[in-house]
>>> print(open('data.txt').read())   # compact mmCIF, C-alpha atoms and all ligand atoms
# COMPACT_ATOMS: atom_id res chain seq x y z
CA MET A 29 -41.22 16.34 -0.52
CA ASN A 30 -41.12 20.01 -1.60
CA LEU A 31 -38.03 20.61 -3.72
CA SER A 32 -37.00 23.96 -5.18
CA ILE A 33 -36.71 24.22 -8.96
CA ALA A 34 -32.91 24.05 -8.70
CA GLU A 35 -33.08 20.95 -6.45
CA GLN A 36 -35.52 19.24 -8.80
CA ARG A 37 -33.23 19.91 -11.75
CA ILE A 38 -30.33 18.29 -9.93
CA LEU A 39 -32.56 15.31 -9.13
CA ASP A 40 -33.55 15.10 -12.81
CA GLY A 41 -29.89 14.80 -13.78
CA GLU A 42 -29.47 18.22 -15.41
CA SER A 43 -26.25 18.85 -13.45
CA GLY A 44 -24.69 15.46 -14.18
CA GLU A 45 -24.85 11.95 -12.79
CA GLY A 46 -22.66 12.57 -9.72
CA LEU A 47 -24.90 15.31 -8.33
CA GLN A 48 -28.00 13.39 -9.33
CA LYS A 49 -26.97 10.28 -7.39
CA ALA A 50 -26.09 12.36 -4.33
CA MET A 51 -29.43 14.18 -4.51
CA GLU A 52 -31.27 10.87 -4.86
CA LEU A 53 -29.70 9.69 -1.59
CA VAL A 54 -30.44 12.94 0.27
CA VAL A 55 -34.07 12.90 -0.93
CA ALA A 56 -34.50 9.18 -0.15
CA LEU A 57 -33.26 9.75 3.41
CA GLY A 58 -35.60 12.72 3.72
CA LYS A 59 -38.56 10.59 2.67
CA ILE A 60 -37.66 7.86 5.15
CA TYR A 61 -37.53 10.39 8.01
CA GLY A 62 -40.58 12.41 6.91
CA ALA A 63 -38.77 15.63 5.90
CA GLU A 64 -40.92 18.20 4.10
CA ASP A 65 -38.02 19.85 2.31
CA LEU A 66 -34.23 20.24 2.22
CA VAL A 67 -32.12 22.76 4.12
CA PRO A 68 -28.86 24.32 2.84
CA ILE A 69 -25.81 23.34 4.89
CA SER A 70 -22.67 25.35 5.64
CA SER A 71 -20.35 22.39 6.30
CA ALA A 72 -20.07 18.62 6.51
CA HIS A 73 -17.95 16.18 8.46
CA LEU A 74 -17.54 12.62 7.17
CA SER A 75 -17.07 9.27 8.88
CA GLY A 76 -16.27 6.11 6.93
CA VAL A 77 -12.55 6.68 6.58
CA SER A 78 -10.73 3.75 8.18
CA TYR A 79 -10.10 0.83 5.85
CA LYS A 80 -10.89 -1.35 8.85
CA THR A 81 -14.46 -0.05 9.06
CA ILE A 82 -15.35 0.40 5.36
CA GLY A 83 -13.35 -2.47 3.81
CA ASP A 84 -12.99 -3.17 0.09
CA GLY A 85 -16.71 -2.53 -0.48
CA GLY A 86 -16.28 0.99 0.85
CA ILE A 87 -13.34 1.60 -1.48
CA VAL A 88 -15.40 0.51 -4.50
CA TYR A 89 -18.21 2.86 -3.40
CA LEU A 90 -15.83 5.83 -2.94
CA GLU A 91 -14.12 5.12 -6.29
CA HIS A 92 -17.52 5.27 -7.94
CA VAL A 93 -18.71 8.44 -6.15
CA SER A 94 -15.41 10.28 -6.57
CA LYS A 95 -15.45 9.89 -10.38
CA GLY A 96 -17.93 12.68 -11.06
CA SER A 97 -18.43 14.46 -7.76
CA LYS A 98 -16.90 17.17 -5.62
CA VAL A 99 -18.09 18.50 -2.27
CA SER A 100 -19.72 21.93 -2.45
CA VAL A 101 -19.27 23.01 1.21
CA PRO A 102 -16.24 22.88 3.58
CA THR A 103 -15.94 19.22 4.50
CA THR A 104 -13.61 17.51 6.97
CA LEU A 105 -12.74 13.87 7.58
CA ASN A 106 -12.84 11.57 10.61
CA PRO A 107 -9.80 9.57 11.81
CA SER A 108 -8.40 6.89 9.53
CA GLY A 109 -6.90 3.55 10.51
CA MET A 110 -3.36 4.83 10.94
CA ASP A 111 -1.00 7.76 11.28
CA SER A 112 -0.23 8.51 7.64
CA GLU A 113 3.48 8.87 8.43
CA ARG A 114 4.08 6.62 11.46
CA TRP A 115 1.98 3.60 10.50
CA LYS A 116 4.98 1.25 10.51
CA GLU A 117 5.84 2.29 14.09
CA MET A 118 2.20 1.60 15.04
CA GLY A 119 2.54 -1.97 13.75
CA VAL A 120 0.19 -1.52 10.77
CA ASP A 121 1.00 -3.75 7.80
CA GLU A 122 1.75 -2.58 4.24
CA SER A 123 -1.39 -3.90 2.60
CA PHE A 124 -3.63 -2.08 5.11
CA ALA A 125 -1.53 1.07 4.72
CA SER A 126 -1.73 1.21 0.95
CA LYS A 127 -5.53 0.77 0.99
CA GLN A 128 -5.85 3.40 3.71
CA LEU A 129 -3.77 5.93 1.78
CA HIS A 130 -5.87 5.22 -1.32
CA ILE A 131 -9.10 5.98 0.63
CA ILE A 132 -7.72 9.32 1.80
CA GLU A 133 -6.71 10.20 -1.77
CA LEU A 134 -10.24 9.43 -2.98
CA TYR A 135 -11.67 11.86 -0.44
CA LYS A 136 -9.09 14.49 -1.40
CA ASP A 137 -10.07 14.05 -5.07
CA MET A 138 -13.59 15.10 -4.07
CA GLY A 139 -12.29 18.28 -2.44
CA VAL A 140 -12.54 17.02 1.15
CA ASN A 141 -10.10 18.51 3.67
CA ALA A 142 -8.36 15.32 4.84
CA THR A 143 -7.92 16.45 8.45
CA CYS A 144 -8.62 12.96 9.78
CA SER A 145 -9.73 14.11 13.20
CA CYS A 146 -12.93 13.64 15.20
CA THR A 147 -12.58 17.10 16.78
CA PRO A 148 -12.75 19.41 13.73
CA TYR A 149 -14.77 21.84 15.87
CA LEU A 150 -11.53 22.66 17.72
CA GLY A 151 -10.01 24.27 14.64
CA SER A 152 -10.47 23.10 11.09
CA ASN A 153 -14.27 23.15 10.82
CA VAL A 154 -16.09 25.32 13.36
CA PRO A 155 -19.83 25.87 12.83
CA ARG A 156 -21.67 28.81 14.38
CA LYS A 157 -24.84 28.79 16.46
CA GLY A 158 -27.86 28.22 14.26
CA ASP A 159 -25.87 26.84 11.30
CA HIS A 160 -27.39 23.82 9.58
CA VAL A 161 -24.70 21.25 8.83
CA ALA A 162 -24.45 17.54 7.96
CA TRP A 163 -22.07 15.82 10.30
CA ALA A 164 -21.34 12.16 10.86
CA GLU A 165 -19.18 11.08 13.87
CA SER A 166 -21.51 10.78 16.81
CA SER A 167 -19.25 12.51 19.36
CA ALA A 168 -18.59 15.54 17.17
CA LEU A 169 -22.17 16.06 16.06
CA SER A 170 -23.42 15.83 19.63
CA PHE A 171 -20.80 18.38 20.68
CA ILE A 172 -21.72 20.93 18.03
CA ASN A 173 -25.48 20.50 18.55
CA SER A 174 -25.12 20.92 22.30
CA ILE A 175 -22.18 23.22 23.00
CA ILE A 176 -22.18 25.38 19.87
CA GLY A 177 -25.87 25.29 18.99
CA ALA A 178 -25.34 24.24 15.38
CA CYS A 179 -27.99 21.89 13.93
CA THR A 180 -27.24 18.43 12.58
CA ASN A 181 -28.81 15.01 12.67
CA ARG A 182 -26.82 11.89 13.35
CA GLU A 183 -25.75 11.44 9.74
CA GLY A 184 -24.18 8.26 8.41
CA GLY A 185 -21.03 8.39 6.27
CA PRO A 186 -22.69 8.07 2.80
CA GLY A 187 -25.54 10.45 3.77
CA ALA A 188 -23.10 13.13 5.01
CA LEU A 189 -21.02 12.75 1.82
CA ALA A 190 -24.11 13.09 -0.38
CA ALA A 191 -25.18 16.18 1.59
CA ALA A 192 -21.68 17.65 1.19
CA ILE A 193 -21.91 17.15 -2.58
CA VAL A 194 -25.35 18.77 -3.03
CA GLY A 195 -24.87 21.32 -0.21
CA ARG A 196 -28.18 20.39 1.38
CA THR A 197 -29.59 17.89 3.80
CA ALA A 198 -33.09 16.68 4.63
CA ASN A 199 -34.89 19.07 6.98
CA TYR A 200 -36.11 16.92 9.89
CA GLY A 201 -35.08 15.91 13.42
CA LEU A 202 -32.58 18.24 15.06
CA HIS A 203 -32.82 20.79 12.22
CA ILE A 204 -36.23 21.70 13.66
CA LYS A 205 -36.30 23.68 16.89
CA GLU A 206 -39.03 21.78 18.74
CA ASN A 207 -37.17 18.50 18.26
CA ARG A 208 -34.21 19.91 20.20
CA ALA A 209 -36.14 20.11 23.48
CA PRO A 210 -34.93 18.07 26.48
CA THR A 211 -36.73 14.80 27.11
CA VAL A 212 -35.31 13.88 30.53
CA ILE A 213 -33.56 15.64 33.43
CA ILE A 214 -30.35 14.13 34.79
CA GLU A 215 -29.29 15.21 38.27
CA ALA A 216 -25.56 14.46 38.25
CA ASP A 217 -23.34 14.23 41.29
CA ILE A 218 -19.76 13.70 40.14
CA ASP A 219 -16.32 14.97 41.19
CA GLY A 220 -16.01 17.27 38.17
CA SER A 221 -13.00 15.48 36.65
CA LEU A 222 -12.72 14.74 32.94
CA PHE A 223 -12.80 11.00 33.67
CA GLN A 224 -16.02 11.19 35.65
CA HIS A 225 -17.66 13.23 32.88
CA SER A 226 -16.81 10.33 30.58
CA LEU A 227 -18.33 7.78 32.98
CA LEU A 228 -21.35 10.02 33.45
CA GLY A 229 -21.81 9.96 29.67
CA HIS A 230 -21.66 6.17 29.64
CA ALA A 231 -24.16 5.83 32.47
CA ALA A 232 -26.52 8.42 30.95
CA GLY A 233 -26.34 7.00 27.42
CA SER A 234 -27.05 3.47 28.74
CA MET A 235 -30.13 4.73 30.58
CA ILE A 236 -31.74 7.10 28.08
CA GLY A 237 -30.97 5.66 24.61
CA ASN A 238 -31.64 8.39 22.07
CA GLY A 239 -33.22 10.90 24.46
CA ILE A 240 -32.07 14.50 24.91
CA PRO A 241 -30.87 14.94 28.50
CA TYR A 242 -30.96 18.17 30.48
CA PHE A 243 -28.13 17.99 33.02
CA ARG A 244 -28.10 19.63 36.41
CA GLY A 245 -25.16 19.55 38.81
CA ILE A 246 -22.30 19.76 36.31
CA CYS A 247 -20.41 22.63 34.73
CA PRO A 248 -18.37 21.03 31.91
CA ASP A 249 -15.61 22.84 30.04
CA TRP A 250 -15.11 21.93 26.36
CA ASP A 251 -12.92 18.91 27.16
CA ASP A 252 -15.41 17.57 29.69
CA ALA A 253 -18.21 18.16 27.19
CA LYS A 254 -16.47 16.34 24.35
CA THR A 255 -15.83 13.20 26.42
CA LEU A 256 -19.38 13.36 27.84
CA ALA A 257 -20.82 13.69 24.33
CA ALA A 258 -18.70 10.83 23.00
CA ALA A 259 -19.58 8.41 25.80
CA MET A 260 -23.31 9.18 25.64
CA ALA A 261 -23.41 8.77 21.87
CA ALA A 262 -21.63 5.42 22.12
CA ALA A 263 -23.57 3.95 25.05
CA GLY A 264 -26.90 5.23 23.73
CA ALA A 265 -27.64 7.22 20.62
CA VAL A 266 -27.66 10.66 22.20
CA ALA A 267 -27.17 13.35 19.54
CA MET A 268 -27.75 16.39 21.74
CA PHE A 269 -27.79 17.42 25.39
CA HIS A 270 -28.35 20.53 27.47
CA VAL A 271 -26.56 21.62 30.64
CA GLU A 272 -28.34 24.04 32.93
CA GLY A 273 -26.55 27.39 32.97
CA THR A 274 -23.95 26.27 30.42
CA THR A 275 -25.17 25.23 26.96
CA PRO A 276 -26.59 27.87 24.61
CA GLU A 277 -30.11 26.48 24.27
CA ALA A 278 -30.64 25.19 27.82
CA SER A 279 -32.80 28.15 28.86
CA GLU A 280 -34.98 28.03 25.72
CA TYR A 281 -37.10 25.05 26.78
CA GLU A 282 -39.50 24.22 29.61
CA VAL A 283 -38.27 21.24 31.65
CA LYS A 284 -40.97 21.22 34.32
CA GLY A 285 -42.66 17.84 34.51
CA LEU A 286 -39.89 15.84 32.80
CA GLU A 287 -38.78 12.57 34.38
CA THR A 288 -35.65 13.00 36.55
CA ILE A 289 -32.85 10.44 36.73
CA TYR A 290 -30.13 10.59 39.38
CA ILE A 291 -26.55 9.61 38.52
CA GLY A 292 -24.11 9.69 41.44
CA GLU A 293 -21.23 7.80 43.00
CA LYS A 294 -22.76 4.33 42.70
CA GLU A 295 -23.78 4.72 39.04
CA ILE A 296 -20.34 6.15 38.17
CA ARG A 297 -18.62 3.19 39.89
CA ASP A 298 -20.94 0.73 38.11
CA ALA A 299 -20.14 2.38 34.76
CA GLN A 300 -16.39 2.03 35.33
CA GLU A 301 -16.75 -1.61 36.42
CA SER A 302 -18.92 -2.46 33.44
CA LEU A 303 -16.20 -1.09 31.12
CA THR A 304 -13.32 -2.94 32.79
CA GLN A 305 -12.36 -6.59 32.31
CA VAL A 306 -8.63 -6.61 33.17
CA GLU A 307 -6.07 -4.88 35.36
CA ASP A 308 -2.87 -5.37 33.33
CA VAL A 309 -2.74 -4.24 29.71
CA ASP A 310 -0.39 -4.25 26.69
CA LEU A 311 -1.22 -0.74 25.57
CA ILE A 312 -2.64 2.50 27.03
CA ALA A 313 -4.37 4.93 24.68
CA PHE A 314 -5.56 8.49 25.29
CA GLY A 315 -7.38 10.82 22.94
CA CYS A 316 -10.92 9.58 22.38
CA PRO A 317 -12.11 12.06 21.21
CA HIS A 318 -8.80 13.49 19.95
CA LEU A 319 -6.81 15.38 22.59
CA SER A 320 -7.23 19.16 22.70
CA ILE A 321 -4.44 21.67 23.24
CA LYS A 322 -5.41 21.96 26.91
CA GLU A 323 -5.43 18.19 27.50
CA LEU A 324 -2.10 17.69 25.75
CA LYS A 325 -0.56 20.52 27.78
CA GLU A 326 -1.90 19.09 31.06
CA MET A 327 -0.55 15.63 30.26
CA ALA A 328 2.85 17.01 29.30
CA SER A 329 3.01 19.17 32.40
CA PHE A 330 2.21 16.14 34.62
CA LEU A 331 4.86 13.98 32.90
CA GLU A 332 7.60 16.64 32.65
CA GLY A 333 10.64 15.53 34.68
CA LYS A 334 9.25 12.02 35.29
CA GLU A 335 10.66 8.78 33.95
CA LYS A 336 8.90 5.85 32.30
CA LEU A 337 9.70 2.60 34.13
CA SER A 338 7.66 0.20 32.03
CA ASP A 339 7.69 -0.88 28.40
CA ILE A 340 3.90 -0.71 28.04
CA GLU A 341 3.07 1.03 24.77
CA ILE A 342 1.28 4.39 25.11
CA TRP A 343 -0.60 6.24 22.38
CA PHE A 344 -1.63 9.89 22.62
CA CYS A 345 -4.10 10.44 19.75
CA THR A 346 -4.70 13.96 18.57
CA SER A 347 -5.18 16.07 15.47
CA ARG A 348 -2.34 17.21 13.22
CA GLU A 349 -3.15 20.85 14.11
CA VAL A 350 -2.87 20.29 17.86
CA ARG A 351 0.32 18.24 17.53
CA ASP A 352 1.99 20.83 15.32
CA SER A 353 1.09 23.70 17.65
CA LEU A 354 2.78 22.14 20.73
CA PRO A 355 6.28 20.91 19.80
CA LYS A 356 7.68 21.19 23.36
CA GLU A 357 4.79 19.29 24.95
CA VAL A 358 4.89 16.67 22.18
CA ALA A 359 8.60 16.12 22.90
CA VAL A 360 7.77 15.42 26.58
CA LEU A 361 5.01 12.95 25.67
CA GLU A 362 7.20 11.22 23.09
CA ARG A 363 9.48 10.07 25.93
CA PHE A 364 6.51 8.05 27.21
CA GLY A 365 4.78 6.94 24.04
CA LYS A 366 3.73 7.93 20.54
CA VAL A 367 1.87 11.12 19.75
CA LEU A 368 -0.22 9.88 16.82
CA VAL A 369 -2.30 11.92 14.39
CA ASP A 370 -4.90 11.01 11.73
CA THR A 371 -6.07 7.99 13.72
CA CYS A 372 -7.36 6.58 17.00
CA MET A 373 -7.22 3.38 18.99
CA VAL A 374 -10.71 2.25 17.94
CA VAL A 375 -10.51 2.62 14.14
CA SER A 376 -6.90 1.39 13.90
CA PRO A 377 -6.26 -2.34 13.38
CA LEU A 378 -5.44 -2.59 17.10
CA GLU A 379 -6.49 -6.24 17.25
CA GLY A 380 -3.27 -7.12 15.38
CA ILE A 381 -1.15 -4.99 17.71
CA ALA A 382 -2.35 -5.66 21.28
CA ASN A 383 -4.65 -8.02 23.18
CA SER A 384 -5.53 -5.78 26.08
CA SER A 385 -5.67 -2.04 26.35
CA ALA A 386 -6.64 0.78 28.66
CA SER A 387 -8.10 4.23 28.18
CA ASN A 388 -9.59 7.08 30.17
CA SER A 389 -12.39 7.29 27.59
CA ALA A 390 -15.65 5.48 28.26
CA LYS A 391 -16.40 5.59 24.52
CA ALA A 392 -13.11 3.87 23.66
CA CYS A 393 -13.58 1.29 26.42
CA ASN A 394 -17.12 0.63 25.18
CA TYR A 395 -15.95 -0.07 21.61
CA LEU A 396 -12.53 -1.68 22.10
CA PRO A 397 -13.85 -5.16 23.10
CA THR A 398 -16.13 -5.49 20.06
CA LEU A 399 -14.31 -3.51 17.36
CA CYS A 400 -10.74 -4.39 18.37
CA SER A 401 -11.10 -7.71 20.30
CA GLN A 402 -9.52 -6.13 23.38
CA LYS A 403 -9.79 -6.89 27.05
CA VAL A 404 -10.09 -3.43 28.54
CA ARG A 405 -9.31 -1.34 31.58
CA CYS A 406 -11.16 1.96 31.95
CA ASP A 407 -9.41 4.34 34.32
CA SER A 408 -8.32 7.94 34.73
CA PHE A 409 -5.19 9.34 33.08
CA TYR A 410 -3.49 9.66 36.47
CA LYS A 411 -4.29 6.09 37.58
CA LEU A 412 -3.11 4.70 34.24
CA MET A 413 0.11 6.67 34.45
CA GLU A 414 0.82 5.09 37.84
CA VAL A 415 1.27 1.82 35.94
CA VAL A 416 4.26 3.13 33.99
CA LEU A 417 5.89 5.62 36.39
FE1 LIG B 501 -12.73 9.89 17.88
FE2 LIG B 501 -11.96 7.43 17.51
FE3 LIG B 501 -13.05 8.12 19.79
S1 LIG B 501 -13.00 8.68 16.06
S2 LIG B 501 -14.42 9.80 19.33
S3 LIG B 501 -11.11 8.89 18.95
S4 LIG B 501 -13.47 6.26 18.65
>>> encode(input="data.txt", output="structure tokens")
Amino acid sequence: MNLSIAEQRILDGESGEGLQKAMELVVALGKIYGAEDLVPISSAHLSGVSYKTIGDGGIVYLEHVSKGSKVSVPTTLNPSGMDSERWKEMGVDESFASKQLHIIELYKDMGVNATCSCTPYLGSNVPRKGDHVAWAESSALSFINSIIGACTNREGGPGALAAAIVGRTANYGLHIKENRAPTVIIEADIDGSLFQHSLLGHAAGSMIGNGIPYFRGICPDWDDAKTLAAAMAAAGAVAMFHVEGTTPEASEYEVKGLETIYIGEKEIRDAQESLTQVEDVDLIAFGCPHLSIKELKEMASFLEGKEKLSDIEIWFCTSREVRDSLPKEVAVLERFGKVLVDTCMVVSPLEGIANSSASNSAKACNYLPTLCSQKVRCDSFYKLMEVVL
């Protein structure tokens, strides 16, 4: 691999052991993926935050890395296993909480902005078109590749952290223009709702694996796009998509001759059925990915003046920034459930809190059975609200 003199010096240990170890990881990943060189990055976003997902081994690793290293670019953090203030109300136990708070402190020690949200592109960390970045969190990286036109591969937690420390990542995959071309056309016929965009993502991801779809027949806004991105990344390994007439790079590639897949009413119904095992649930959770200002406002406006007639627990998961910007709407939602920040239903220790749960997110419903031992119902916000009104 071609390294600059400065990069080689870091690799040789001239800038200290912390930077050297991080550079070794970035270079090793580059060699595995056939990168010719490294590319400077303008930001990073890290996964590997919940104690549930990284465990004690992850803590030991972070304690080691954080001793001599700081991030060198703006870096944000994915959701943790709990709301840092309301974890007792969530039903999280003390031993989990103390380990979780320790993990967040370790990231802070390295200079990471502990936003604990999977939608940093809505406020705290917004790349520009053409920026090279190193982002983990499959939903967020797919969103910024596709909707913003920033360039990132599907980084893992340790790789993104190493890139944040050295300020560079390996130059391969989606950092290179020709690798961002569509590989398959998807003709979509859906009703345009947020929920059907989520199911479309599940159906598409299941069919195309790690391809790059070029959608026709949809016109997603940012909320539709974030749920579509999340579901596709979870059901397949889609890290980027184009939408005809909508996404910034859609017109830059030739799509003539690509295979075309049709996803319509039947495929959407099949996707919902495949994500649903039960009708009645203990808990309903929204906000995968974290709720935006617009979503939170729409939910509050729908629930304003209504009364909750059931004791089913409801979680509205969002970022701290969004929650703090909408006190009136949050007060409305709090009459129905908990507006939680820093966390989500999937990375929380939900398996100790509920046995069955529902969400309007295909990504959440895909992961909840395996990661949280849940029986799941996948349905729209409005249908799920009928259960409690
Ligand atoms: Fe975000 Fe958790 Fe879903 S990290 S995309 S809310 S699984």
>>> residues_near_point(input="data.txt", point="(6.3, 4.3, 36.0)", cutoff="10 Å", atoms="all atoms listed in the file", output="PyMOL selection string")
chain A and resi 334-340+364+412-417
>>> write_last_selection(input="data.txt", atoms="C-alpha atoms", output="CSV table (one decimal), in the coordinates of the input")
chain,number,residue,atom,x,y,z
A,334,LYS,CA,9.2,12.0,35.3
A,335,GLU,CA,10.7,8.8,34.0
A,336,LYS,CA,8.9,5.8,32.3
A,337,LEU,CA,9.7,2.6,34.1
A,338,SER,CA,7.7,0.2,32.0
A,339,ASP,CA,7.7,-0.9,28.4
A,340,ILE,CA,3.9,-0.7,28.0
A,364,PHE,CA,6.5,8.0,27.2
A,412,LEU,CA,-3.1,4.7,34.2
A,413,MET,CA,0.1,6.7,34.4
A,414,GLU,CA,0.8,5.1,37.8
A,415,VAL,CA,1.3,1.8,35.9
A,416,VAL,CA,4.3,3.1,34.0
A,417,LEU,CA,5.9,5.6,36.4
>>> closest_residue(input="data.txt", among="A:Gly158, A:Gly187, A:Pro241, A:Pro317", to="Ala209 of chain A", atoms="all atoms listed in the file")
A:Pro241
>>> residues_around(input="data.txt", residues="segment 160-163 of chain A", least_positions_apart="4", cutoff="8 Å", atoms="all atoms listed in the file", output="list in words")
Val67, Pro68, Ile69, Ser70, Ser71, Ala72, His73, Leu74, Pro155, Ala168, Leu169, Ala178, Cys179, Thr180, Asn181, Arg182, Glu183, Ala188, Ala191, Ala192, Thr197 and His203 of chain A
>>> axis_aligned_box(input="data.txt", around="ligand LIG 501 (chain B)", padding_each_side="6 Å", output="lines of an AutoDock Vina configuration file")
center_x = -12.8
center_y = 8.1
center_z = 17.9
size_x = 15.3
size_y = 15.6
size_z = 15.7
>>> closest_residue(input="data.txt", among="A:Pro102, A:Gly201, A:Gly96, A:Pro397", to="Ile60 of chain A", atoms="only C-alpha atoms")
A:Gly201
>>> closest_residue(input="data.txt", among="A:Gln300, A:Ser100, A:Ser385, A:Thr255", to="ligand LIG 501 (chain B)", atoms="all atoms listed in the file")
A:Thr255
>>> residues_around(input="data.txt", residues="Leu399 of chain A", least_positions_apart="3", cutoff="7 Å", atoms="only C-alpha atoms", output="compact mmCIF listing (two decimals) with C-alpha atoms, in the frame of the given file")
# COMPACT_ATOMS: atom_id res chain seq x y z
CA VAL A 374 -10.71 2.25 17.94
CA TYR A 395 -15.95 -0.07 21.61
CA LEU A 396 -12.53 -1.68 22.10
>>> atom_distance(input="data.txt", atom1="atom CA of Thr275 of chain A", atom2="atom CA of Cys144 of chain A")
26.8 Å
>>> residues_around(input="data.txt", residues="Ala328 of chain A", least_positions_apart="6", cutoff="9 Å", atoms="only C-alpha atoms", output="list in words")
Lys356, Glu357, Val358, Ala359, Val360 and Leu361 of chain A
>>> closest_residue(input="data.txt", among="A:Cys372, A:Met235, A:Met29, A:Val99", to="Val55 of chain A", atoms="all atoms listed in the file")
A:Met29
>>> residues_near_ligand(input="data.txt", ligand="ligand LIG 501 (chain B)", cutoff="10 Å", atoms="only C-alpha atoms and all ligand atoms", output="ChimeraX atom specification")
/A:75,77-78,105-109,144-147,165-168,254-255,257-259,261-262,313-319,345-347,370-376,389-396,399
>>> write_last_selection(input="data.txt", atoms="C-alpha atoms", output="mmCIF file, in the coordinates of the input")
data_model
loop_
_atom_site.group_PDB
_atom_site.id
_atom_site.type_symbol
_atom_site.label_atom_id
_atom_site.label_comp_id
_atom_site.auth_asym_id
_atom_site.auth_seq_id
_atom_site.Cartn_x
_atom_site.Cartn_y
_atom_site.Cartn_z
ATOM 1 C CA SER A 75 -17.070 9.270 8.880
ATOM 2 C CA VAL A 77 -12.550 6.680 6.580
ATOM 3 C CA SER A 78 -10.730 3.750 8.180
ATOM 4 C CA LEU A 105 -12.740 13.870 7.580
ATOM 5 C CA ASN A 106 -12.840 11.570 10.610
ATOM 6 C CA PRO A 107 -9.800 9.570 11.810
ATOM 7 C CA SER A 108 -8.400 6.890 9.530
ATOM 8 C CA GLY A 109 -6.900 3.550 10.510
ATOM 9 C CA CYS A 144 -8.620 12.960 9.780
ATOM 10 C CA SER A 145 -9.730 14.110 13.200
ATOM 11 C CA CYS A 146 -12.930 13.640 15.200
ATOM 12 C CA THR A 147 -12.580 17.100 16.780
ATOM 13 C CA GLU A 165 -19.180 11.080 13.870
ATOM 14 C CA SER A 166 -21.510 10.780 16.810
ATOM 15 C CA SER A 167 -19.250 12.510 19.360
ATOM 16 C CA ALA A 168 -18.590 15.540 17.170
ATOM 17 C CA LYS A 254 -16.470 16.340 24.350
ATOM 18 C CA THR A 255 -15.830 13.200 26.420
ATOM 19 C CA ALA A 257 -20.820 13.690 24.330
ATOM 20 C CA ALA A 258 -18.700 10.830 23.000
ATOM 21 C CA ALA A 259 -19.580 8.410 25.800
ATOM 22 C CA ALA A 261 -23.410 8.770 21.870
ATOM 23 C CA ALA A 262 -21.630 5.420 22.120
ATOM 24 C CA ALA A 313 -4.370 4.930 24.680
ATOM 25 C CA PHE A 314 -5.560 8.490 25.290
ATOM 26 C CA GLY A 315 -7.380 10.820 22.940
ATOM 27 C CA CYS A 316 -10.920 9.580 22.380
ATOM 28 C CA PRO A 317 -12.110 12.060 21.210
ATOM 29 C CA HIS A 318 -8.800 13.490 19.950
ATOM 30 C CA LEU A 319 -6.810 15.380 22.590
ATOM 31 C CA CYS A 345 -4.100 10.440 19.750
ATOM 32 C CA THR A 346 -4.700 13.960 18.570
ATOM 33 C CA SER A 347 -5.180 16.070 15.470
ATOM 34 C CA ASP A 370 -4.900 11.010 11.730
ATOM 35 C CA THR A 371 -6.070 7.990 13.720
ATOM 36 C CA CYS A 372 -7.360 6.580 17.000
ATOM 37 C CA MET A 373 -7.220 3.380 18.990
ATOM 38 C CA VAL A 374 -10.710 2.250 17.940
ATOM 39 C CA VAL A 375 -10.510 2.620 14.140
ATOM 40 C CA SER A 376 -6.900 1.390 13.900
ATOM 41 C CA SER A 389 -12.390 7.290 27.590
ATOM 42 C CA ALA A 390 -15.650 5.480 28.260
ATOM 43 C CA LYS A 391 -16.400 5.590 24.520
ATOM 44 C CA ALA A 392 -13.110 3.870 23.660
ATOM 45 C CA CYS A 393 -13.580 1.290 26.420
ATOM 46 C CA ASN A 394 -17.120 0.630 25.180
ATOM 47 C CA TYR A 395 -15.950 -0.070 21.610
ATOM 48 C CA LEU A 396 -12.530 -1.680 22.100
ATOM 49 C CA LEU A 399 -14.310 -3.510 17.360
#
